[in-house]
Amino acid sequence: MKPEVVIVGAGPVGCSLALGLAHHGVRSLIIERSREIARESRALVIWPRTAELLRDWSAWEPLLAAGRFTTVFTPHDATRDEALLSIDFCDIDDSVESPGVLFIPQYDTVRILRERVEANPLCELRYDEEAVGLEQDEREVRLRTQGENGGTTFTAPFVVGADGAHGFVRHALGFSLQGATYSTRVAIADIGIESHGRTYPSPRIALDAPGLLVGIEYAPGIWRTIASVAPSTGDDAALAPEAHAARIAHLFGEQARSAQVYWSSLFRIHRRHAPNFISGRVALAGDAAHLNSPAGGQGMNAGIPDTANLAWRLACALRSSQCAQALLVGYDIERREMQNDSIERTTDLATRLAVYAPPSLKRLAFAWMRRSLRARGMRRKACRTLGMLDGRYTRSPDVDTSHPLAGRRIGDVALDNGRRINEERRGRAALLCCGGAQIEGVTSLALAKPPKRWLLKHPSAIVIRPDGFVAAVIEKPTRERVETMWKRAFCCASPLPGTETP
Ligand SMILES: Cc1cc2nc3c(=O)[nH]c(=O)nc-3n(C[C@H](O)[C@H](O)[C@H](O)COP(=O)(O)OP(=O)(O)OC[C@H]3O[C@@H](n4cnc5c(N)ncnc54)[C@H](O)[C@@H]3O)c2cc1C
């Protein structure tokens with residue numbers, strides 16, 4: 001199989017990209033240096049935005065079967081053993097297909113995604129090959145790898161570096177991660193808890209601890225603890241059995257014991273990103289492009305949406321080479337804006353509060369959040385922010401931002417035929433005709449009464465991209481105006497639905 005895209009790295013992001021590309025009919029090859037999957041739990045949650053993308057690529061059901069899905073997210077105060085607040089994703093069940101959070105350790109996520117990739121005829125996954133060389137010209141990219149059987153060179157129109165924080169591809173492009181590293185060290189451990197028949201609500205936050213101390217149960221009886229470490233504590237002491245025991249006592253009470261520490265390590269946490277996410281025909285995605293603090297579980301969940309943006313762009317670029325650069329520039333601008341202005345800000349705020357604020361301020365912050373969540377609008381906003389459904393592309397060259405809905409993810413509402421938008425378009429571009437709009441000769445979705453919060457004038461047509469973002473809102477639409485906006489969104493590389501020539 002001659003790949004159209006070579007992906008470096010079969011982590012959650014590289015595998016998602018291969019599945020996203022296959023969804024658009026694009027052949028890809030993943031180069032992965034290690035067959036072994038890291039046993040640390042790493043990312044523990046899949047938020048609704050990631051869930052809807054994985055569902056589009058037929059990977060959601062096996063993940064759902066392997067993890068624990070809950071519609072209500074209720075962090076508990078470990079000291080007082082009471083709920084700090086409760087976020088019920090059913091508050092947005094009119095705009096997401098999976099209103100809830102899936103708890104699943106990253107090694108299961110990666111295992112399942114790799115299985116999906118291996119089962120897909122448009123994807124090839126090669127293990128035990130390490131990317132070691134990269135060259136490109138205006139037509140193609142050459143990637144050199146080193147494996148057990150010596151060196152190989154792969155040639156493809158595009159290469160994507162999904163090779164993680166210390167990835168080769170970013171270095172080969174000459175980019176280093178810019179931003180800041182937090183002053184605190186963080187001790188992370190996966191620990192089995194002897195509960196003597198007691199069940200402990202998860203996640204648990206020790207609000208009275210100095211700094212951050214959180215416990216998240218990701219498999220029955222197995223918890224991830226995350227604790228900031230005081231500057232005066234040495235690295236060895238921070239990971240000593242007594243240190244884990246003290247954290248467990250703080251989180252679960254004196255009677256709780258650790259049955260087994262499966263794994264523990266000390267980390268620095270960062271908020272950093274590459275200066276650009278593309279260079280010529282090479283793109284970066286996931287940790288290779290950006291690193292967040294794990295506060296809010298928005299590391300892996302920030303990387304997988306990169307691939308939804310990139311997959312349709314690469315598919316269009318392969319169809320229409322004169323558009324390739326413009327499409328990749330759109331990826332660079334949009335995902336950097338989302339990362340810097342939305343995800344990084346949210347995780348930074350959460351980190352500062354969790355790590356540096358005194359317990360009294362944390363209690364005040366939770367009391368304020370509890371009070372604001374009495375209002376339905378705030379509850380919906382909290383679900384969207386936590387679920388990573390918020391954020392807007394305001395600087396994109398291919399989004400017409402004159403309407404406030406444009407540049408945002410479209411709410412997955414029910415159509416006139418009773419089916420949801422995402423169910424109908426399943427990861428493909430679509431034209432949504434609202435308030436009785438009709439465009440002759442074009443296959444479209446119909447919604448007579450769109451939600452008031454969309455601020456539409458009737459009739460209107462909405463151009464929805466494959467990644468679920470609104471490219472344009474066209475009031476009083478005509479076929480000509482829809483065609484203009486469609487071309488702008490997809491750089492003339494995608495025909496209007498229903499007008500494709502066989
Ligand atoms: C301890 C820890 C805890 C974390 N907790 C959370 C959390 O709670 N929530 C959250 O959302 N995120 C968390 N993260 C972050 C999350 O794990 C990452 O965001 C996620 O793994 C990024 O996925 P990726 O595919 O971009 O990179 P990776 O998962 O790093 O995958 C990169 C892949 O590329 C391969 N590779 C690297 N170099 C090469 C090369 N030269 N050639 C071939 N293959 C190569 C690697 O073997 C690897 O398989 C945590 C991370 C750590 C380390």
# chains A, B, ... in the order shown; residues from 1 in each chain; ligands from 1
call {"tool": "residues_around", "arguments": {"residues": "Ile188 of chain A", "least_positions_apart": "3", "cutoff": "8 Å", "atoms": "only C-alpha atoms", "output": "JSON list (two decimals) with all heavy atoms, in the first residue's frame"}}
result
[["chain", "number", "residue", "atom", "x", "y", "z"],
["A", 224, "ARG", "N", -5.56, 6.68, 40.74],
["A", 224, "ARG", "CA", -4.43, 7.55, 40.40],
["A", 224, "ARG", "C", -4.39, 8.64, 41.46],
["A", 224, "ARG", "O", -5.41, 9.29, 41.72],
["A", 224, "ARG", "CB", -4.69, 8.17, 39.02],
["A", 224, "ARG", "CG", -4.08, 9.56, 38.81],
["A", 224, "ARG", "CD", -2.66, 9.50, 38.40],
["A", 224, "ARG", "NE", -2.58, 8.88, 37.11],
["A", 224, "ARG", "CZ", -2.85, 9.53, 35.97],
["A", 224, "ARG", "NH1", -3.19, 10.80, 35.97],
["A", 224, "ARG", "NH2", -2.77, 8.91, 34.83],
["A", 225, "THR", "N", -3.23, 8.82, 42.10],
["A", 225, "THR", "CA", -3.08, 9.98, 42.98],
["A", 225, "THR", "C", -2.16, 10.99, 42.30],
["A", 225, "THR", "O", -1.19, 10.62, 41.64],
["A", 225, "THR", "CB", -2.49, 9.58, 44.35],
["A", 225, "THR", "OG1", -1.21, 8.99, 44.16],
["A", 225, "THR", "CG2", -3.38, 8.62, 45.11],
["A", 226, "ILE", "N", -2.52, 12.24, 42.44],
["A", 226, "ILE", "CA", -1.72, 13.33, 41.87],
["A", 226, "ILE", "C", -1.48, 14.32, 43.01],
["A", 226, "ILE", "O", -2.44, 14.81, 43.61],
["A", 226, "ILE", "CB", -2.47, 14.05, 40.73],
["A", 226, "ILE", "CG1", -2.98, 13.04, 39.70],
["A", 226, "ILE", "CG2", -1.60, 15.11, 40.07],
["A", 226, "ILE", "CD1", -3.93, 13.63, 38.68],
["A", 227, "ALA", "N", -0.21, 14.57, 43.31],
["A", 227, "ALA", "CA", 0.09, 15.43, 44.46],
["A", 227, "ALA", "C", 1.23, 16.38, 44.12],
["A", 227, "ALA", "O", 2.25, 15.95, 43.55],
["A", 227, "ALA", "CB", 0.50, 14.57, 45.66],
["A", 264, "SER", "N", 4.86, 4.78, 40.09],
["A", 264, "SER", "CA", 4.84, 6.19, 40.53],
["A", 264, "SER", "C", 6.01, 6.93, 39.90],
["A", 264, "SER", "O", 7.03, 6.33, 39.56],
["A", 264, "SER", "CB", 4.89, 6.29, 42.06],
["A", 264, "SER", "OG", 6.17, 5.96, 42.53],
["A", 265, "SER", "N", 5.83, 8.21, 39.72],
["A", 265, "SER", "CA", 6.90, 9.01, 39.11],
["A", 265, "SER", "C", 6.71, 10.48, 39.45],
["A", 265, "SER", "O", 5.61, 10.89, 39.86],
["A", 265, "SER", "CB", 6.89, 8.81, 37.59],
["A", 265, "SER", "OG", 8.06, 9.36, 37.05],
["A", 266, "LEU", "N", 7.79, 11.21, 39.29],
["A", 266, "LEU", "CA", 7.76, 12.64, 39.60],
["A", 266, "LEU", "C", 7.83, 13.41, 38.29],
["A", 266, "LEU", "O", 8.64, 13.08, 37.42],
["A", 266, "LEU", "CB", 9.00, 12.95, 40.45],
["A", 266, "LEU", "CG", 8.92, 14.06, 41.47],
["A", 266, "LEU", "CD1", 7.75, 13.89, 42.41],
["A", 266, "LEU", "CD2", 10.23, 14.11, 42.26],
["A", 267, "PHE", "N", 6.98, 14.43, 38.14],
["A", 267, "PHE", "CA", 6.93, 15.16, 36.88],
["A", 267, "PHE", "C", 7.01, 16.66, 37.12],
["A", 267, "PHE", "O", 6.62, 17.15, 38.18],
["A", 267, "PHE", "CB", 5.59, 14.91, 36.17],
["A", 267, "PHE", "CG", 5.49, 13.55, 35.58],
["A", 267, "PHE", "CD1", 5.00, 12.50, 36.33],
["A", 267, "PHE", "CD2", 5.88, 13.32, 34.28],
["A", 267, "PHE", "CE1", 4.93, 11.24, 35.81],
["A", 267, "PHE", "CE2", 5.81, 12.05, 33.74],
["A", 267, "PHE", "CZ", 5.33, 11.02, 34.50]]
call {"tool": "residues_near_ligand", "arguments": {"ligand": "ligand 1", "cutoff": "7 Å", "atoms": "only C-alpha atoms and all ligand atoms", "output": "PyMOL selection string"}}
result
chain A and resi 8-14+31-34+40-45+106+129-132+162-168+188+285-288+291+294+297-301+303
call {"tool": "closest_atom_pairs", "arguments": {"of": "segment 200-235 of chain A", "to": "segment 80-89 of chain A", "cutoff": "9 Å", "atoms": "only C-alpha atoms", "output": "JSON lines"}}
result
{"residue": "A:Tyr200", "atom": "CA", "partner": "A:Asp81", "partner_atom": "CA", "distance": 8.7}
{"residue": "A:Pro201", "atom": "CA", "partner": "A:Asp81", "partner_atom": "CA", "distance": 8.4}
{"residue": "A:Arg204", "atom": "CA", "partner": "A:Asp81", "partner_atom": "CA", "distance": 8.5}
{"residue": "A:Ile205", "atom": "CA", "partner": "A:Leu84", "partner_atom": "CA", "distance": 8.9}
{"residue": "A:Ala206", "atom": "CA", "partner": "A:Arg80", "partner_atom": "CA", "distance": 8.9}
call {"tool": "select_by_dssp", "arguments": {"residues": "segment 358-493 of chain A", "states": "alpha helix (DSSP H)", "output": "PyMOL selection string"}}
result
chain A and resi 359-372+376-386+421-425+479-490
call {"tool": "write_last_selection", "arguments": {"atoms": "N, CA and C atoms", "output": "short mmCIF file (atom, residue, chain, number, x, y, z; two decimals), in the first residue's frame"}}
result
data_model
loop_
_atom_site.label_atom_id
_atom_site.label_comp_id
_atom_site.auth_asym_id
_atom_site.auth_seq_id
_atom_site.Cartn_x
_atom_site.Cartn_y
_atom_site.Cartn_z
N PRO A 359 -6.00 26.59 51.05
CA PRO A 359 -7.26 25.84 51.17
C PRO A 359 -8.48 26.75 51.29
N SER A 360 -8.37 27.89 52.02
CA SER A 360 -9.54 28.75 52.22
C SER A 360 -10.02 29.30 50.87
N LEU A 361 -9.09 29.66 50.00
CA LEU A 361 -9.48 30.20 48.69
C LEU A 361 -10.11 29.10 47.83
N LYS A 362 -9.57 27.88 47.95
CA LYS A 362 -10.15 26.77 47.18
C LYS A 362 -11.60 26.54 47.61
N ARG A 363 -11.82 26.59 48.94
CA ARG A 363 -13.19 26.37 49.44
C ARG A 363 -14.12 27.47 48.92
N LEU A 364 -13.62 28.70 48.93
CA LEU A 364 -14.42 29.82 48.42
C LEU A 364 -14.74 29.61 46.94
N ALA A 365 -13.73 29.19 46.18
CA ALA A 365 -13.92 28.99 44.74
C ALA A 365 -14.99 27.93 44.49
N PHE A 366 -14.93 26.82 45.25
CA PHE A 366 -15.94 25.77 45.05
C PHE A 366 -17.32 26.26 45.49
N ALA A 367 -17.37 27.06 46.57
CA ALA A 367 -18.67 27.58 47.03
C ALA A 367 -19.27 28.47 45.94
N TRP A 368 -18.40 29.28 45.33
CA TRP A 368 -18.87 30.18 44.26
C TRP A 368 -19.37 29.35 43.07
N MET A 369 -18.60 28.30 42.73
CA MET A 369 -19.01 27.47 41.57
C MET A 369 -20.34 26.79 41.86
N ARG A 370 -20.49 26.28 43.11
CA ARG A 370 -21.76 25.60 43.48
C ARG A 370 -22.94 26.54 43.31
N ARG A 371 -22.73 27.78 43.78
CA ARG A 371 -23.82 28.76 43.70
C ARG A 371 -24.14 29.07 42.23
N SER A 372 -23.09 29.28 41.42
CA SER A 372 -23.38 29.64 40.02
C SER A 372 -24.04 28.50 39.28
N ARG A 376 -29.26 27.41 35.08
CA ARG A 376 -29.13 26.40 34.02
C ARG A 376 -28.07 26.81 32.99
N GLY A 377 -28.03 28.11 32.68
CA GLY A 377 -27.05 28.58 31.69
C GLY A 377 -25.63 28.29 32.14
N MET A 378 -25.37 28.47 33.44
CA MET A 378 -24.02 28.22 33.96
C MET A 378 -23.72 26.72 33.97
N ARG A 379 -24.75 25.92 34.24
CA ARG A 379 -24.54 24.46 34.24
C ARG A 379 -24.17 24.00 32.83
N ARG A 380 -24.89 24.55 31.85
CA ARG A 380 -24.57 24.18 30.46
C ARG A 380 -23.17 24.64 30.07
N LYS A 381 -22.83 25.84 30.54
CA LYS A 381 -21.49 26.38 30.22
C LYS A 381 -20.41 25.49 30.86
N ALA A 382 -20.64 25.09 32.12
CA ALA A 382 -19.66 24.23 32.81
C ALA A 382 -19.50 22.90 32.07
N CYS A 383 -20.61 22.33 31.61
CA CYS A 383 -20.55 21.05 30.87
C CYS A 383 -19.75 21.24 29.59
N ARG A 384 -20.01 22.36 28.91
CA ARG A 384 -19.32 22.58 27.63
C ARG A 384 -17.82 22.79 27.85
N THR A 385 -17.47 23.56 28.89
CA THR A 385 -16.05 23.84 29.12
C THR A 385 -15.32 22.56 29.49
N LEU A 386 -15.86 21.84 30.49
CA LEU A 386 -15.22 20.60 30.94
C LEU A 386 -15.20 19.56 29.82
N ILE A 421 -27.97 15.73 14.31
CA ILE A 421 -27.11 16.19 13.21
C ILE A 421 -25.93 15.24 13.01
N ASN A 422 -25.26 14.88 14.10
CA ASN A 422 -24.06 14.04 13.95
C ASN A 422 -24.39 12.64 13.44
N GLU A 423 -25.57 12.16 13.84
CA GLU A 423 -26.01 10.84 13.39
C GLU A 423 -26.20 10.87 11.86
N GLU A 424 -26.72 11.97 11.36
CA GLU A 424 -27.00 12.10 9.93
C GLU A 424 -25.73 12.31 9.13
N ARG A 425 -24.79 13.11 9.69
CA ARG A 425 -23.65 13.45 8.82
C ARG A 425 -22.42 12.59 9.14
N ARG A 479 -28.16 29.46 -3.96
CA ARG A 479 -27.18 28.42 -4.35
C ARG A 479 -25.79 29.05 -4.58
N GLU A 480 -25.81 30.24 -5.20
CA GLU A 480 -24.53 30.90 -5.52
C GLU A 480 -23.77 31.25 -4.23
N ARG A 481 -24.50 31.79 -3.24
CA ARG A 481 -23.82 32.20 -1.99
C ARG A 481 -23.35 30.98 -1.21
N VAL A 482 -24.14 29.91 -1.27
CA VAL A 482 -23.72 28.69 -0.58
C VAL A 482 -22.46 28.15 -1.23
N GLU A 483 -22.43 28.17 -2.57
CA GLU A 483 -21.24 27.67 -3.29
C GLU A 483 -19.99 28.46 -2.93
N THR A 484 -20.15 29.78 -2.81
CA THR A 484 -19.00 30.65 -2.47
C THR A 484 -18.46 30.28 -1.10
N MET A 485 -19.37 30.12 -0.13
CA MET A 485 -18.94 29.82 1.24
C MET A 485 -18.36 28.41 1.33
N TRP A 486 -18.95 27.50 0.58
CA TRP A 486 -18.46 26.11 0.59
C TRP A 486 -17.02 26.07 0.07
N LYS A 487 -16.80 26.83 -1.02
CA LYS A 487 -15.44 26.89 -1.60
C LYS A 487 -14.47 27.50 -0.61
N ARG A 488 -14.92 28.52 0.09
CA ARG A 488 -14.03 29.16 1.06
C ARG A 488 -13.67 28.17 2.17
N ALA A 489 -14.67 27.41 2.61
CA ALA A 489 -14.43 26.48 3.72
C ALA A 489 -13.48 25.35 3.32
N PHE A 490 -13.66 24.85 2.10
CA PHE A 490 -12.92 23.64 1.71
C PHE A 490 -11.92 23.90 0.59
#
call {"tool": "select_by_dssp", "arguments": {"residues": "segment 209-448 of chain A", "states": "strand (DSSP E)", "output": "count of residues only"}}
result
47
call {"tool": "residues_around", "arguments": {"residues": "Cys90 of chain A", "least_positions_apart": "6", "cutoff": "8 Å", "atoms": "only C-alpha atoms", "output": "PyMOL selection string"}}
result
chain A and resi 71-72+99-100
call {"tool": "write_last_selection", "arguments": {"atoms": "all heavy atoms", "output": "compact mmCIF listing (two decimals), in the first residue's frame"}}
result
# COMPACT_ATOMS: atom_id res chain seq x y z
N THR A 71 -22.74 9.87 33.66
CA THR A 71 -23.27 11.14 33.14
C THR A 71 -23.02 12.29 34.12
O THR A 71 -23.05 13.44 33.74
CB THR A 71 -24.80 11.04 32.89
OG1 THR A 71 -25.40 10.59 34.09
CG2 THR A 71 -25.11 10.10 31.76
N VAL A 72 -22.77 11.93 35.38
CA VAL A 72 -22.61 12.98 36.39
C VAL A 72 -21.17 12.96 36.92
O VAL A 72 -20.66 11.91 37.32
CB VAL A 72 -23.60 12.78 37.57
CG1 VAL A 72 -23.52 13.97 38.53
CG2 VAL A 72 -25.01 12.63 37.05
N PRO A 99 -23.66 12.31 26.53
CA PRO A 99 -23.56 13.29 27.61
C PRO A 99 -22.97 12.64 28.86
O PRO A 99 -23.69 12.14 29.71
CB PRO A 99 -25.02 13.73 27.83
CG PRO A 99 -25.84 12.58 27.34
CD PRO A 99 -25.03 11.81 26.36
N GLY A 100 -21.67 12.65 28.96
CA GLY A 100 -21.03 12.06 30.14
C GLY A 100 -19.55 11.94 29.94
O GLY A 100 -19.00 12.41 28.93
call {"tool": "residues_around", "arguments": {"residues": "Val463 of chain A", "least_positions_apart": "6", "cutoff": "7 Å", "atoms": "only C-alpha atoms", "output": "NGL selection string"}}
result
:A and (430-432 or 470-473 or 486)
call {"tool": "write_last_selection", "arguments": {"atoms": "all heavy atoms", "output": "mmCIF file, in the first residue's frame"}}
result
data_model
loop_
_atom_site.group_PDB
_atom_site.id
_atom_site.type_symbol
_atom_site.label_atom_id
_atom_site.label_comp_id
_atom_site.auth_asym_id
_atom_site.auth_seq_id
_atom_site.Cartn_x
_atom_site.Cartn_y
_atom_site.Cartn_z
ATOM 1 N N ALA A 430 -21.624 18.960 5.869
ATOM 2 C CA ALA A 430 -23.060 18.980 5.576
ATOM 3 C C ALA A 430 -23.543 20.423 5.471
ATOM 4 O O ALA A 430 -22.934 21.338 6.024
ATOM 5 C CB ALA A 430 -23.836 18.254 6.675
ATOM 6 N N LEU A 431 -24.645 20.562 4.748
ATOM 7 C CA LEU A 431 -25.324 21.859 4.698
ATOM 8 C C LEU A 431 -26.605 21.716 5.501
ATOM 9 O O LEU A 431 -27.407 20.827 5.235
ATOM 10 C CB LEU A 431 -25.639 22.223 3.241
ATOM 11 C CG LEU A 431 -26.192 23.633 3.071
ATOM 12 C CD1 LEU A 431 -25.104 24.675 3.316
ATOM 13 C CD2 LEU A 431 -26.760 23.812 1.662
ATOM 14 N N LEU A 432 -26.762 22.581 6.501
ATOM 15 C CA LEU A 432 -27.952 22.513 7.356
ATOM 16 C C LEU A 432 -28.857 23.687 6.987
ATOM 17 O O LEU A 432 -28.465 24.852 7.122
ATOM 18 C CB LEU A 432 -27.520 22.604 8.831
ATOM 19 C CG LEU A 432 -28.631 22.669 9.870
ATOM 20 C CD1 LEU A 432 -29.518 21.428 9.818
ATOM 21 C CD2 LEU A 432 -28.035 22.822 11.272
ATOM 22 N N VAL A 470 -18.711 25.087 12.538
ATOM 23 C CA VAL A 470 -19.476 25.877 11.575
ATOM 24 C C VAL A 470 -18.500 26.740 10.778
ATOM 25 O O VAL A 470 -17.772 27.556 11.343
ATOM 26 C CB VAL A 470 -20.500 26.772 12.305
ATOM 27 C CG1 VAL A 470 -21.183 27.723 11.333
ATOM 28 C CG2 VAL A 470 -21.519 25.914 13.043
ATOM 29 N N ALA A 471 -18.497 26.543 9.449
ATOM 30 C CA ALA A 471 -17.604 27.350 8.603
ATOM 31 C C ALA A 471 -18.270 28.666 8.217
ATOM 32 O O ALA A 471 -17.595 29.673 8.041
ATOM 33 C CB ALA A 471 -17.228 26.569 7.355
ATOM 34 N N ALA A 472 -19.604 28.648 8.069
ATOM 35 C CA ALA A 472 -20.304 29.879 7.666
ATOM 36 C C ALA A 472 -21.790 29.762 7.952
ATOM 37 O O ALA A 472 -22.343 28.662 7.918
ATOM 38 C CB ALA A 472 -20.093 30.125 6.175
ATOM 39 N N VAL A 473 -22.402 30.904 8.245
ATOM 40 C CA VAL A 473 -23.858 30.981 8.347
ATOM 41 C C VAL A 473 -24.307 31.925 7.235
ATOM 42 O O VAL A 473 -23.816 33.056 7.137
ATOM 43 C CB VAL A 473 -24.282 31.535 9.724
ATOM 44 C CG1 VAL A 473 -25.798 31.729 9.775
ATOM 45 C CG2 VAL A 473 -23.828 30.599 10.835
ATOM 46 N N TRP A 486 -18.946 27.503 0.581
ATOM 47 C CA TRP A 486 -18.457 26.108 0.589
ATOM 48 C C TRP A 486 -17.016 26.074 0.068
ATOM 49 O O TRP A 486 -16.148 25.415 0.614
ATOM 50 C CB TRP A 486 -19.383 25.249 -0.285
ATOM 51 C CG TRP A 486 -19.231 23.780 -0.032
ATOM 52 C CD1 TRP A 486 -18.397 22.929 -0.695
ATOM 53 C CD2 TRP A 486 -19.929 22.992 0.931
ATOM 54 N NE1 TRP A 486 -18.537 21.654 -0.194
ATOM 55 C CE2 TRP A 486 -19.475 21.663 0.798
ATOM 56 C CE3 TRP A 486 -20.907 23.277 1.887
ATOM 57 C CZ2 TRP A 486 -19.949 20.617 1.594
ATOM 58 C CZ3 TRP A 486 -21.387 22.246 2.672
ATOM 59 C CH2 TRP A 486 -20.902 20.935 2.531
#
call {"tool": "residues_around", "arguments": {"residues": "segment 444-460 of chain A", "least_positions_apart": "4", "cutoff": "9 Å", "atoms": "only C-alpha atoms", "output": "VMD selection string"}}
result
chain A and resid 403 to 405 413 to 417 421 424 to 425 430 to 439 473 to 477 497 to 498
call {"tool": "closest_atom_pairs", "arguments": {"of": "segment 398-450 of chain A", "to": "segment 333-356 of chain A", "cutoff": "10 Å", "atoms": "only C-alpha atoms", "output": "CSV"}}
result
residue,atom,partner,partner_atom,distance
A:Asp398,CA,A:Glu334,CA,9.6
A:Val399,CA,A:Glu334,CA,9.7
A:Gly407,CA,A:Glu334,CA,9.2
call {"tool": "write_last_selection", "arguments": {"atoms": "all heavy atoms", "output": "tab-separated table (two decimals), in the first residue's frame"}}
result
chain	number	residue	atom	x	y	z
A	398	ASP	N	-10.47	30.28	6.68
A	398	ASP	CA	-11.56	29.62	5.96
A	398	ASP	C	-12.87	29.57	6.72
A	398	ASP	O	-13.77	28.84	6.37
A	398	ASP	CB	-11.14	28.23	5.44
A	398	ASP	CG	-10.16	27.50	6.32
A	398	ASP	OD1	-10.42	27.43	7.53
A	398	ASP	OD2	-9.15	27.03	5.81
A	399	VAL	N	-12.98	30.39	7.78
A	399	VAL	CA	-14.26	30.52	8.48
A	399	VAL	C	-14.74	31.96	8.30
A	399	VAL	O	-13.98	32.91	8.48
A	399	VAL	CB	-14.08	30.21	9.99
A	399	VAL	CG1	-15.35	30.55	10.77
A	399	VAL	CG2	-13.73	28.74	10.20
A	407	GLY	N	-17.33	29.36	13.40
A	407	GLY	CA	-16.08	29.12	14.13
A	407	GLY	C	-16.28	28.30	15.38
A	407	GLY	O	-15.32	27.95	16.06
call {"tool": "residues_around", "arguments": {"residues": "Arg409 of chain A", "least_positions_apart": "6", "cutoff": "9 Å", "atoms": "only C-alpha atoms", "output": "list of chain:residue names"}}
result
A:Leu389, A:Asp390, A:Gly391, A:Arg392, A:Ile464, A:Asp467, A:Gly468, A:Phe469, A:Val470
call {"tool": "write_last_selection", "arguments": {"atoms": "C-alpha atoms", "output": "CSV table (one decimal), in the first residue's frame"}}
result
chain,number,residue,atom,x,y,z
A,389,LEU,CA,-17.1,21.6,23.5
A,390,ASP,CA,-16.4,25.3,23.8
A,391,GLY,CA,-13.9,27.5,22.0
A,392,ARG,CA,-14.1,29.4,18.8
A,464,ILE,CA,-20.9,22.3,8.8
A,467,ASP,CA,-15.0,18.1,12.3
A,468,GLY,CA,-18.4,19.6,13.4
A,469,PHE,CA,-17.4,23.2,13.3
A,470,VAL,CA,-19.5,25.9,11.6
call {"tool": "residues_around", "arguments": {"residues": "Leu143 of chain A", "least_positions_apart": "4", "cutoff": "10 Å", "atoms": "only C-alpha atoms", "output": "list of chain:residue names"}}
result
A:Val6, A:Ile7, A:Val8, A:Ile31, A:Ala131, A:Val132, A:Gly133, A:Leu134, A:Glu135, A:Gln136, A:Thr152, A:Thr153, A:Phe154, A:Thr155, A:Ala156, A:Phe158, A:Val159, A:Val169
